[in-house]
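Peer 1: Compact mmCIF, C-alpha atoms, saved as coords-v2.txt, coming up:
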```
# COMPACT_ATOMS: atom_id res chain seq x y z
CA MET A 1 0.00 0.00 0.00
CA LEU A 2 1.16 3.51 -0.79
CA LEU A 3 0.34 6.51 1.38
CA SER A 4 0.29 9.99 -0.17
CA VAL A 5 1.04 12.78 2.31
CA ILE A 6 -0.11 16.15 0.98
CA ILE A 7 1.32 19.30 2.54
CA PRO A 8 -0.30 22.55 1.37
CA THR A 9 2.05 25.29 2.51
CA TYR A 10 2.31 29.07 2.41
CA ASN A 11 5.21 31.02 3.93
CA GLU A 12 6.31 28.20 6.25
CA ALA A 13 10.08 28.66 5.96
CA LYS A 14 10.46 28.44 9.75
CA THR A 15 8.90 24.99 10.03
CA ILE A 16 8.63 23.14 6.71
CA GLY A 17 12.18 21.77 6.90
CA LYS A 18 11.56 20.27 10.34
CA VAL A 19 8.23 18.78 9.23
CA LEU A 20 9.90 17.06 6.26
CA GLU A 21 12.71 15.79 8.47
CA GLN A 22 10.17 14.31 10.89
CA ILE A 23 8.21 12.62 8.10
CA PHE A 24 11.21 11.03 6.38
CA SER A 25 12.55 9.69 9.67
CA LEU A 26 9.41 7.58 10.14
CA LYS A 27 9.31 3.81 9.91
CA LEU A 28 5.78 3.06 8.76
CA LYS A 29 4.11 -0.20 7.79
CA THR A 30 3.52 1.23 4.33
CA ASP A 31 5.46 3.05 1.65
CA PHE A 32 4.72 6.74 1.29
CA GLU A 33 5.19 9.72 -0.99
CA VAL A 34 5.25 13.35 0.14
CA ILE A 35 3.69 16.06 -2.02
CA VAL A 36 4.36 19.66 -1.04
CA VAL A 37 2.05 22.13 -2.75
CA ASP A 38 3.54 25.60 -2.33
CA ASP A 39 0.66 28.06 -2.45
CA GLY A 40 2.70 30.96 -3.82
CA SER A 41 5.02 31.44 -0.83
CA LEU A 42 6.90 34.75 -0.71
CA ASP A 43 9.56 33.61 1.78
CA SER A 44 12.28 30.97 1.40
CA THR A 45 9.87 28.00 1.55
CA PRO A 46 10.59 27.00 -2.11
CA GLN A 47 14.35 26.94 -1.60
CA ILE A 48 14.06 24.93 1.63
CA VAL A 49 11.82 22.30 0.05
CA LYS A 50 13.87 22.03 -3.15
CA HIS A 51 17.14 21.59 -1.27
CA CYS A 52 15.91 19.52 1.68
CA GLY A 53 17.61 16.36 0.42
CA TYR A 54 14.44 14.27 0.57
CA PRO A 55 12.49 12.81 -2.40
CA VAL A 56 9.69 15.37 -2.18
CA ILE A 57 7.25 15.95 -5.02
CA TYR A 58 7.16 19.74 -5.22
CA ILE A 59 4.35 21.70 -6.87
CA ARG A 60 4.35 25.49 -6.88
CA LEU A 61 1.31 27.65 -7.58
CA ASP A 62 2.08 30.95 -9.29
CA LYS A 63 0.10 32.93 -6.72
CA ASN A 64 -1.57 32.43 -3.36
CA CYS A 65 -4.84 30.67 -4.22
CA GLY A 66 -5.84 29.11 -0.89
CA ARG A 67 -5.67 25.81 0.95
CA GLY A 68 -8.47 24.21 -1.05
CA THR A 69 -6.83 24.95 -4.38
CA ALA A 70 -3.51 23.60 -3.10
CA MET A 71 -5.16 20.45 -1.76
CA ARG A 72 -6.98 19.80 -5.03
CA ARG A 73 -3.69 20.07 -6.93
CA GLY A 74 -2.07 17.65 -4.51
CA ILE A 75 -4.94 15.18 -4.73
CA ALA A 76 -4.72 15.18 -8.54
CA GLN A 77 -1.00 14.38 -8.26
CA ALA A 78 -1.31 11.70 -5.56
CA LYS A 79 -0.69 8.09 -6.54
CA GLY A 80 -1.35 6.52 -3.14
CA ASP A 81 -4.11 4.19 -2.00
CA PHE A 82 -4.69 6.55 0.93
CA ILE A 83 -4.21 10.30 1.24
CA LEU A 84 -3.19 12.01 4.48
CA THR A 85 -3.29 15.77 5.04
CA GLN A 86 -0.36 17.41 6.82
CA ASP A 87 0.07 21.10 7.61
CA GLY A 88 3.39 22.80 6.92
CA ASP A 89 3.81 23.86 10.55
CA CYS A 90 4.68 21.83 13.65
CA GLU A 91 1.25 21.74 15.31
CA TYR A 92 0.88 18.02 14.57
CA ASP A 93 3.36 15.20 15.19
CA PRO A 94 4.12 13.00 12.15
CA ARG A 95 5.12 10.20 14.52
CA GLU A 96 1.38 9.71 15.01
CA TYR A 97 0.79 8.76 11.36
CA ALA A 98 0.76 5.15 12.57
CA VAL A 99 -2.08 5.98 14.97
CA VAL A 100 -4.14 7.52 12.17
CA LEU A 101 -3.32 4.70 9.75
CA GLU A 102 -4.19 1.85 12.10
CA PRO A 103 -8.00 1.86 11.65
CA ALA A 104 -7.49 1.77 7.88
CA LEU A 105 -4.83 -0.94 7.89
CA SER A 106 -6.43 -3.23 10.45
CA GLY A 107 -10.09 -2.30 10.44
CA GLY A 108 -10.82 -1.31 6.86
CA ALA A 109 -11.80 2.28 7.70
CA ARG A 110 -12.07 4.49 4.64
CA VAL A 111 -11.89 7.80 6.52
CA VAL A 112 -9.96 8.50 9.74
CA TYR A 113 -9.72 11.82 11.59
CA GLY A 114 -7.11 12.52 14.24
CA SER A 115 -9.01 14.15 17.09
CA ARG A 116 -7.30 16.70 19.33
CA ILE A 117 -10.33 16.63 21.64
CA LEU A 118 -9.98 12.94 22.45
CA LYS A 119 -6.53 13.56 23.95
CA LYS A 120 -7.43 15.45 27.11
CA GLU A 121 -3.94 16.80 27.86
CA ASN A 122 -3.84 18.81 24.62
CA LYS A 123 -3.82 22.60 24.88
CA TYR A 124 -5.41 25.09 22.50
CA SER A 125 -4.00 28.31 21.06
CA TYR A 126 -6.99 30.59 21.67
CA LEU A 127 -10.32 29.94 23.35
CA ARG A 128 -12.18 31.29 20.30
CA TYR A 129 -10.50 28.72 18.06
CA TYR A 130 -11.30 25.89 20.46
CA LEU A 131 -14.96 26.94 20.73
CA GLY A 132 -15.19 27.45 16.99
CA GLY A 133 -13.93 23.94 16.36
CA ARG A 134 -16.39 22.51 18.85
CA LEU A 135 -19.21 24.44 17.16
CA LEU A 136 -18.24 23.12 13.74
CA SER A 137 -18.18 19.56 15.05
CA TRP A 138 -21.57 19.97 16.75
CA TRP A 139 -23.04 21.52 13.58
CA THR A 140 -21.70 18.65 11.47
CA ASN A 141 -23.19 16.08 13.82
CA LEU A 142 -26.53 17.90 13.88
CA LEU A 143 -26.77 18.09 10.09
CA PHE A 144 -25.48 14.64 9.18
CA GLY A 145 -26.01 12.44 12.23
CA THR A 146 -22.27 11.87 12.69
CA ARG A 147 -20.50 11.59 16.04
CA ILE A 148 -17.21 13.34 15.45
CA THR A 149 -15.47 15.51 18.03
CA ASP A 150 -12.97 17.43 15.88
CA GLU A 151 -14.13 18.33 12.38
CA PRO A 152 -11.40 20.96 11.71
CA THR A 153 -8.49 18.71 12.69
CA GLY A 154 -5.39 18.93 10.52
CA TYR A 155 -4.87 15.16 10.35
CA LYS A 156 -7.37 13.54 8.02
CA LEU A 157 -6.84 10.22 6.24
CA TYR A 158 -8.96 9.30 3.21
CA CYS A 159 -9.24 6.34 0.90
CA ALA A 160 -7.83 7.95 -2.25
CA SER A 161 -10.47 6.59 -4.60
CA LEU A 162 -13.19 7.98 -2.34
CA LEU A 163 -11.62 11.42 -2.05
CA LYS A 164 -10.98 11.63 -5.78
CA SER A 165 -14.60 10.69 -6.50
CA LEU A 166 -15.90 13.75 -4.66
CA LYS A 167 -16.56 16.90 -6.66
CA ILE A 168 -14.76 19.46 -4.50
CA THR A 169 -14.88 23.12 -5.50
CA SER A 170 -13.50 24.90 -2.42
CA LYS A 171 -10.54 27.20 -2.88
CA ARG A 172 -9.64 28.09 0.71
CA PHE A 173 -10.16 26.77 4.25
CA GLU A 174 -13.70 25.62 3.45
CA PHE A 175 -12.12 22.61 1.71
CA CYS A 176 -12.19 20.55 4.91
CA PRO A 177 -15.88 21.05 5.82
CA GLU A 178 -16.89 20.48 2.20
CA VAL A 179 -15.10 17.13 2.15
CA THR A 180 -16.46 16.18 5.57
CA ALA A 181 -20.01 17.05 4.53
CA LYS A 182 -19.86 15.13 1.25
CA ILE A 183 -18.42 12.06 2.96
CA ALA A 184 -21.02 12.21 5.74
CA LYS A 185 -23.82 12.71 3.22
CA LYS A 186 -22.80 9.44 1.59
CA GLY A 187 -23.22 7.71 4.94
CA ILE A 188 -19.55 6.75 5.18
CA LYS A 189 -18.34 6.41 8.76
CA ILE A 190 -15.63 8.78 9.97
CA VAL A 191 -13.43 6.99 12.51
CA GLU A 192 -11.63 9.16 15.07
CA VAL A 193 -8.40 8.46 16.96
CA PRO A 194 -6.72 10.65 19.62
CA ILE A 195 -3.70 12.68 18.50
CA SER A 196 -1.36 15.24 20.06
CA TYR A 197 -1.54 18.94 19.28
CA PHE A 198 1.05 21.69 19.71
CA PRO A 199 -0.75 24.95 18.85
CA ARG A 200 1.02 28.03 17.57
CA SER A 201 -0.01 31.67 17.83
CA ILE A 202 -1.02 34.14 15.14
CA GLU A 203 2.38 35.79 15.60
CA GLU A 204 4.01 32.43 14.86
CA GLY A 205 2.08 32.08 11.62
CA LYS A 206 -1.40 30.72 12.38
CA LYS A 207 -3.52 31.77 9.40
CA ILE A 208 -7.13 30.72 9.93
CA ARG A 209 -9.55 33.49 11.00
CA TRP A 210 -13.08 33.75 12.38
CA ARG A 211 -14.59 34.37 8.95
CA ASP A 212 -13.25 31.00 7.81
CA GLY A 213 -15.37 29.40 10.53
CA ALA A 214 -18.45 31.28 9.37
CA ILE A 215 -17.88 30.10 5.80
CA ALA A 216 -17.39 26.53 7.04
CA ILE A 217 -20.78 26.61 8.79
CA TRP A 218 -22.43 27.74 5.56
CA VAL A 219 -20.62 25.12 3.44
CA LEU A 220 -21.80 22.31 5.72
CA LEU A 221 -25.38 23.56 5.45
CA ARG A 222 -25.09 24.07 1.68
CA VAL A 223 -23.99 20.48 1.12
CA LYS A 224 -26.75 19.20 3.40
CA LEU A 225 -29.46 21.15 1.55
CA PHE A 226 -28.21 21.12 -2.02
CA GLY A 227 -25.50 18.44 -2.16
CA VAL A 228 -22.92 20.82 -3.67
```
Reformat the file's structure so that it appears as structure tokens.

Peer 2:
Amino acid sequence: MLLSVIIPTYNEAKTIGKVLEQIFSLKLKTDFEVIVVDDGSLDSTPQIVKHCGYPVIYIRLDKNCGRGTAMRRGIAQAKGDFILTQDGDCEYDPREYAVVLEPALSGGARVVYGSRILKKENKYSYLRYYLGGRLLSWWTNLLFGTRITDEPTGYKLYCASLLKSLKITSKRFEFCPEVTAKIAKKGIKIVEVPISYFPRSIEEGKKIRWRDGAIAIWVLLRVKLFGV
């Protein structure tokens, strides 16, 4: 089995090298490829990725188009049986790939989310982000009858054929709720496993904002009502 790790990144020169080092030091039960989609970075991210010394598949967008656009480019490039999302910062620990992979490898799960909520010792960056994530999870469960605790988590594992079959149109952060909604609407179970979380501040590069949460709420409702 081949795992495709997709890293959409924008101006992550401070962390992308460490993330790649952590990933390529792993000893997983499966082969993997790493696809970095550079969303028009203006810092030294391109140079760091190109000269990291690891067999990274590097895709650069000419301008900053958003996380959703970067993810869709990565998905089109991916050759793996499963696709795992990885942020370009150090908020998530690649050593926990095995934890996220286990339900797929041993239990046949087609979708696995790494839940920060299920690991009680995790901290959060800002209370508003924590509450926003809880609201999104509650809203998802209300609309689709799911039982997930952490919809906006950064670690999501998908069966590649399933993810590629979805018609995803999102360009920015609404990519994740659109995918979640379309999977849930199909009645496919989302398995959750506890993962660690090391939040960073806005000053350190955190990019998501409150308006992204508002858009996510609308996207979930839109898919529920109209299927698109």

Peer 1: Pull the closest atom pair for each residue of range 151-200 of chain A that gets at most 10 Å from range 90-108 of chain A, along with the distance in Å to one decimal, counting only C-alpha atoms, ordering rows by chain and then ascending residue number, as CSV.

Peer 2:
```
residue,atom,partner,partner_atom,distance
A:Thr153,CA,A:Tyr92,CA,9.6
A:Gly154,CA,A:Tyr92,CA,7.5
A:Tyr155,CA,A:Tyr92,CA,7.7
A:Lys156,CA,A:Val100,CA,8.0
A:Leu157,CA,A:Val100,CA,7.1
A:Tyr158,CA,A:Ala104,CA,9.0
A:Cys159,CA,A:Ala104,CA,8.5
A:Val191,CA,A:Pro103,CA,7.5
A:Glu192,CA,A:Val100,CA,8.2
A:Val193,CA,A:Val100,CA,6.5
A:Pro194,CA,A:Val99,CA,8.1
A:Ile195,CA,A:Glu96,CA,6.8
A:Ser196,CA,A:Tyr92,CA,6.5
A:Tyr197,CA,A:Tyr92,CA,5.4
A:Phe198,CA,A:Glu91,CA,4.4
A:Pro199,CA,A:Glu91,CA,5.2
A:Arg200,CA,A:Glu91,CA,6.7
```

Peer 1: Could you check how far CA of Ile7 in chain A sits from CA of Gly40 in chain A, in Å to one decimal?

Peer 2: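 These two atoms are separated by 13.4 Å.
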
Peer 1: With only C-alpha atoms as the basis for distance, which of A:Thr69, A:Ser41, A:Ala160, A:Ile59 is at the shortest distance from Met1 in chain A?

Peer 2: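 Comparing A:Thr69, A:Ser41, A:Ala160, A:Ile59 against Met1 in chain A, the winner is A:Ala160.
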
Peer 1: Given the point (-20.6, 15.6, 8.9) in the coordinates of this file, which residues lie within 8 Å, counting all atoms listed in the file, and how would they look as a list in words?

Peer 2: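 So the residues meeting the distance criterion are Ser137, Trp139, Thr140, Asn141, Leu143, Phe144, Gly145, Thr146, Ile148, Glu151, Pro177, Thr180, Ala181, Lys182, Ile183, Ala184, Lys185 and Leu220 of chain A.
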
Peer 1: What does the distance between CA of Asp31 in chain A and CA of Leu2 in chain A come to in Å, to one decimal place?

Peer 2: 5.0 Å

Peer 1: Return the single residue from A:Val56, A:Val5, A:Ile190, A:Ile16 that is closest to Phe32 in chain A, with distances computed using all atoms listed in the file.

Peer 2: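 Checking each of A:Val56, A:Val5, A:Ile190, A:Ile16 against Phe32 in chain A, counting all atoms listed in the file, the winner is A:Val5.
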
Peer 1: With only C-alpha atoms as the atoms that count, which of A:Val34, A:Ala78, A:Val219, A:Cys52 lies nearest to Glu21 in chain A?

Peer 2: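 Closest to Glu21 in chain A of all the choices is A:Cys52.
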
Peer 1: Pick from A:Gln77, A:Arg60, A:Gly88, A:Val228: nearest to Leu166 in chain A, with all atoms listed in the file counted?

Peer 2: A:Val228

Peer 1: Record the distance separating CA of Ile6 in chain A and CA of Lys164 in chain A, expressed in Å with one decimal.

Peer 2: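 Computing it gives 13.6 Å between the two atoms.
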
Peer 1: Give the answer as one residue: which of A:Trp210, A:Phe226, A:Phe173, A:Tyr10 has the shortest atom-to-atom distance to Val49 in chain A, using only C-alpha atoms?

Peer 2: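 Between A:Trp210, A:Phe226, A:Phe173, A:Tyr10, the residue approaching Val49 in chain A most closely is A:Tyr10.
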
Peer 1: Would you please work out which residue, of A:Ile117, A:Val37, A:Leu162, A:Ala76, is nearest to Gly133 in chain A when using only C-alpha atoms?

Peer 2: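 For Gly133 in chain A, the nearest of the given residues is A:Ile117.
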
Peer 1: Would you kindly identify which residues have an atom no farther than 6 Å from (-8.9, 25.7, -3.3), using only C-alpha atoms and the file's own coordinates, and write them out as a count of residues only?

Peer 2: 8

Peer 1: Some atoms are missing, so please complete range 135-160 of chain A with N, CA and C atoms and return it as an mmCIF file, keeping the file's coordinate frame.

Peer 2:
```
data_model
loop_
_atom_site.group_PDB
_atom_site.id
_atom_site.type_symbol
_atom_site.label_atom_id
_atom_site.label_comp_id
_atom_site.auth_asym_id
_atom_site.auth_seq_id
_atom_site.Cartn_x
_atom_site.Cartn_y
_atom_site.Cartn_z
ATOM 1 N N LEU A 135 -17.966 24.065 17.839
ATOM 2 C CA LEU A 135 -19.210 24.440 17.160
ATOM 3 C C LEU A 135 -19.320 23.764 15.808
ATOM 4 N N LEU A 136 -18.223 23.766 15.052
ATOM 5 C CA LEU A 136 -18.240 23.120 13.740
ATOM 6 C C LEU A 136 -18.531 21.626 13.856
ATOM 7 N N SER A 137 -17.947 20.989 14.854
ATOM 8 C CA SER A 137 -18.180 19.560 15.050
ATOM 9 C C SER A 137 -19.629 19.289 15.433
ATOM 10 N N TRP A 138 -20.169 20.120 16.347
ATOM 11 C CA TRP A 138 -21.570 19.970 16.750
ATOM 12 C C TRP A 138 -22.494 20.192 15.560
ATOM 13 N N TRP A 139 -22.215 21.195 14.748
ATOM 14 C CA TRP A 139 -23.040 21.520 13.580
ATOM 15 C C TRP A 139 -23.004 20.373 12.570
ATOM 16 N N THR A 140 -21.829 19.804 12.368
ATOM 17 C CA THR A 140 -21.700 18.650 11.470
ATOM 18 C C THR A 140 -22.536 17.481 11.964
ATOM 19 N N ASN A 141 -22.436 17.191 13.242
ATOM 20 C CA ASN A 141 -23.190 16.080 13.820
ATOM 21 C C ASN A 141 -24.693 16.312 13.728
ATOM 22 N N LEU A 142 -25.111 17.554 13.953
ATOM 23 C CA LEU A 142 -26.530 17.900 13.880
ATOM 24 C C LEU A 142 -27.070 17.705 12.468
ATOM 25 N N LEU A 143 -26.300 18.144 11.480
ATOM 26 C CA LEU A 143 -26.770 18.090 10.090
ATOM 27 C C LEU A 143 -26.743 16.679 9.515
ATOM 28 N N PHE A 144 -25.702 15.907 9.875
ATOM 29 C CA PHE A 144 -25.480 14.640 9.180
ATOM 30 C C PHE A 144 -25.584 13.401 10.069
ATOM 31 N N GLY A 145 -25.853 13.587 11.349
ATOM 32 C CA GLY A 145 -26.010 12.440 12.230
ATOM 33 C C GLY A 145 -24.701 11.740 12.546
ATOM 34 N N THR A 146 -23.576 12.449 12.359
ATOM 35 C CA THR A 146 -22.270 11.870 12.690
ATOM 36 C C THR A 146 -22.012 12.015 14.190
ATOM 37 N N ARG A 147 -20.871 11.482 14.627
ATOM 38 C CA ARG A 147 -20.500 11.590 16.040
ATOM 39 C C ARG A 147 -19.037 11.975 16.182
ATOM 40 N N ILE A 148 -18.611 12.938 15.411
ATOM 41 C CA ILE A 148 -17.210 13.340 15.450
ATOM 42 C C ILE A 148 -17.002 14.440 16.484
ATOM 43 N N THR A 149 -15.786 14.523 17.004
ATOM 44 C CA THR A 149 -15.470 15.510 18.030
ATOM 45 C C THR A 149 -14.599 16.643 17.509
ATOM 46 N N ASP A 150 -13.951 16.442 16.344
ATOM 47 C CA ASP A 150 -12.970 17.430 15.880
ATOM 48 C C ASP A 150 -12.989 17.534 14.357
ATOM 49 N N GLU A 151 -14.011 18.192 13.832
ATOM 50 C CA GLU A 151 -14.130 18.330 12.380
ATOM 51 C C GLU A 151 -12.953 19.080 11.761
ATOM 52 N N PRO A 152 -12.471 20.198 12.362
ATOM 53 C CA PRO A 152 -11.400 20.960 11.710
ATOM 54 C C PRO A 152 -9.981 20.462 11.975
ATOM 55 N N THR A 153 -9.825 19.245 12.443
ATOM 56 C CA THR A 153 -8.490 18.710 12.690
ATOM 57 C C THR A 153 -7.613 18.759 11.440
ATOM 58 N N GLY A 154 -6.309 18.884 11.643
ATOM 59 C CA GLY A 154 -5.390 18.930 10.520
ATOM 60 C C GLY A 154 -4.950 17.574 10.019
ATOM 61 N N TYR A 155 -5.217 16.515 10.776
ATOM 62 C CA TYR A 155 -4.870 15.160 10.350
ATOM 63 C C TYR A 155 -6.127 14.435 9.906
ATOM 64 N N LYS A 156 -6.244 14.267 8.592
ATOM 65 C CA LYS A 156 -7.370 13.540 8.020
ATOM 66 C C LYS A 156 -6.816 12.533 7.015
ATOM 67 N N LEU A 157 -7.261 11.285 7.140
ATOM 68 C CA LEU A 157 -6.840 10.220 6.240
ATOM 69 C C LEU A 157 -8.049 9.761 5.425
ATOM 70 N N TYR A 158 -7.864 9.687 4.104
ATOM 71 C CA TYR A 158 -8.960 9.300 3.210
ATOM 72 C C TYR A 158 -8.521 8.161 2.302
ATOM 73 N N CYS A 159 -9.426 7.250 2.016
ATOM 74 C CA CYS A 159 -9.240 6.340 0.900
ATOM 75 C C CYS A 159 -9.146 7.198 -0.359
ATOM 76 N N ALA A 160 -8.071 7.054 -1.115
ATOM 77 C CA ALA A 160 -7.830 7.950 -2.250
ATOM 78 C C ALA A 160 -8.932 7.896 -3.291
#
```
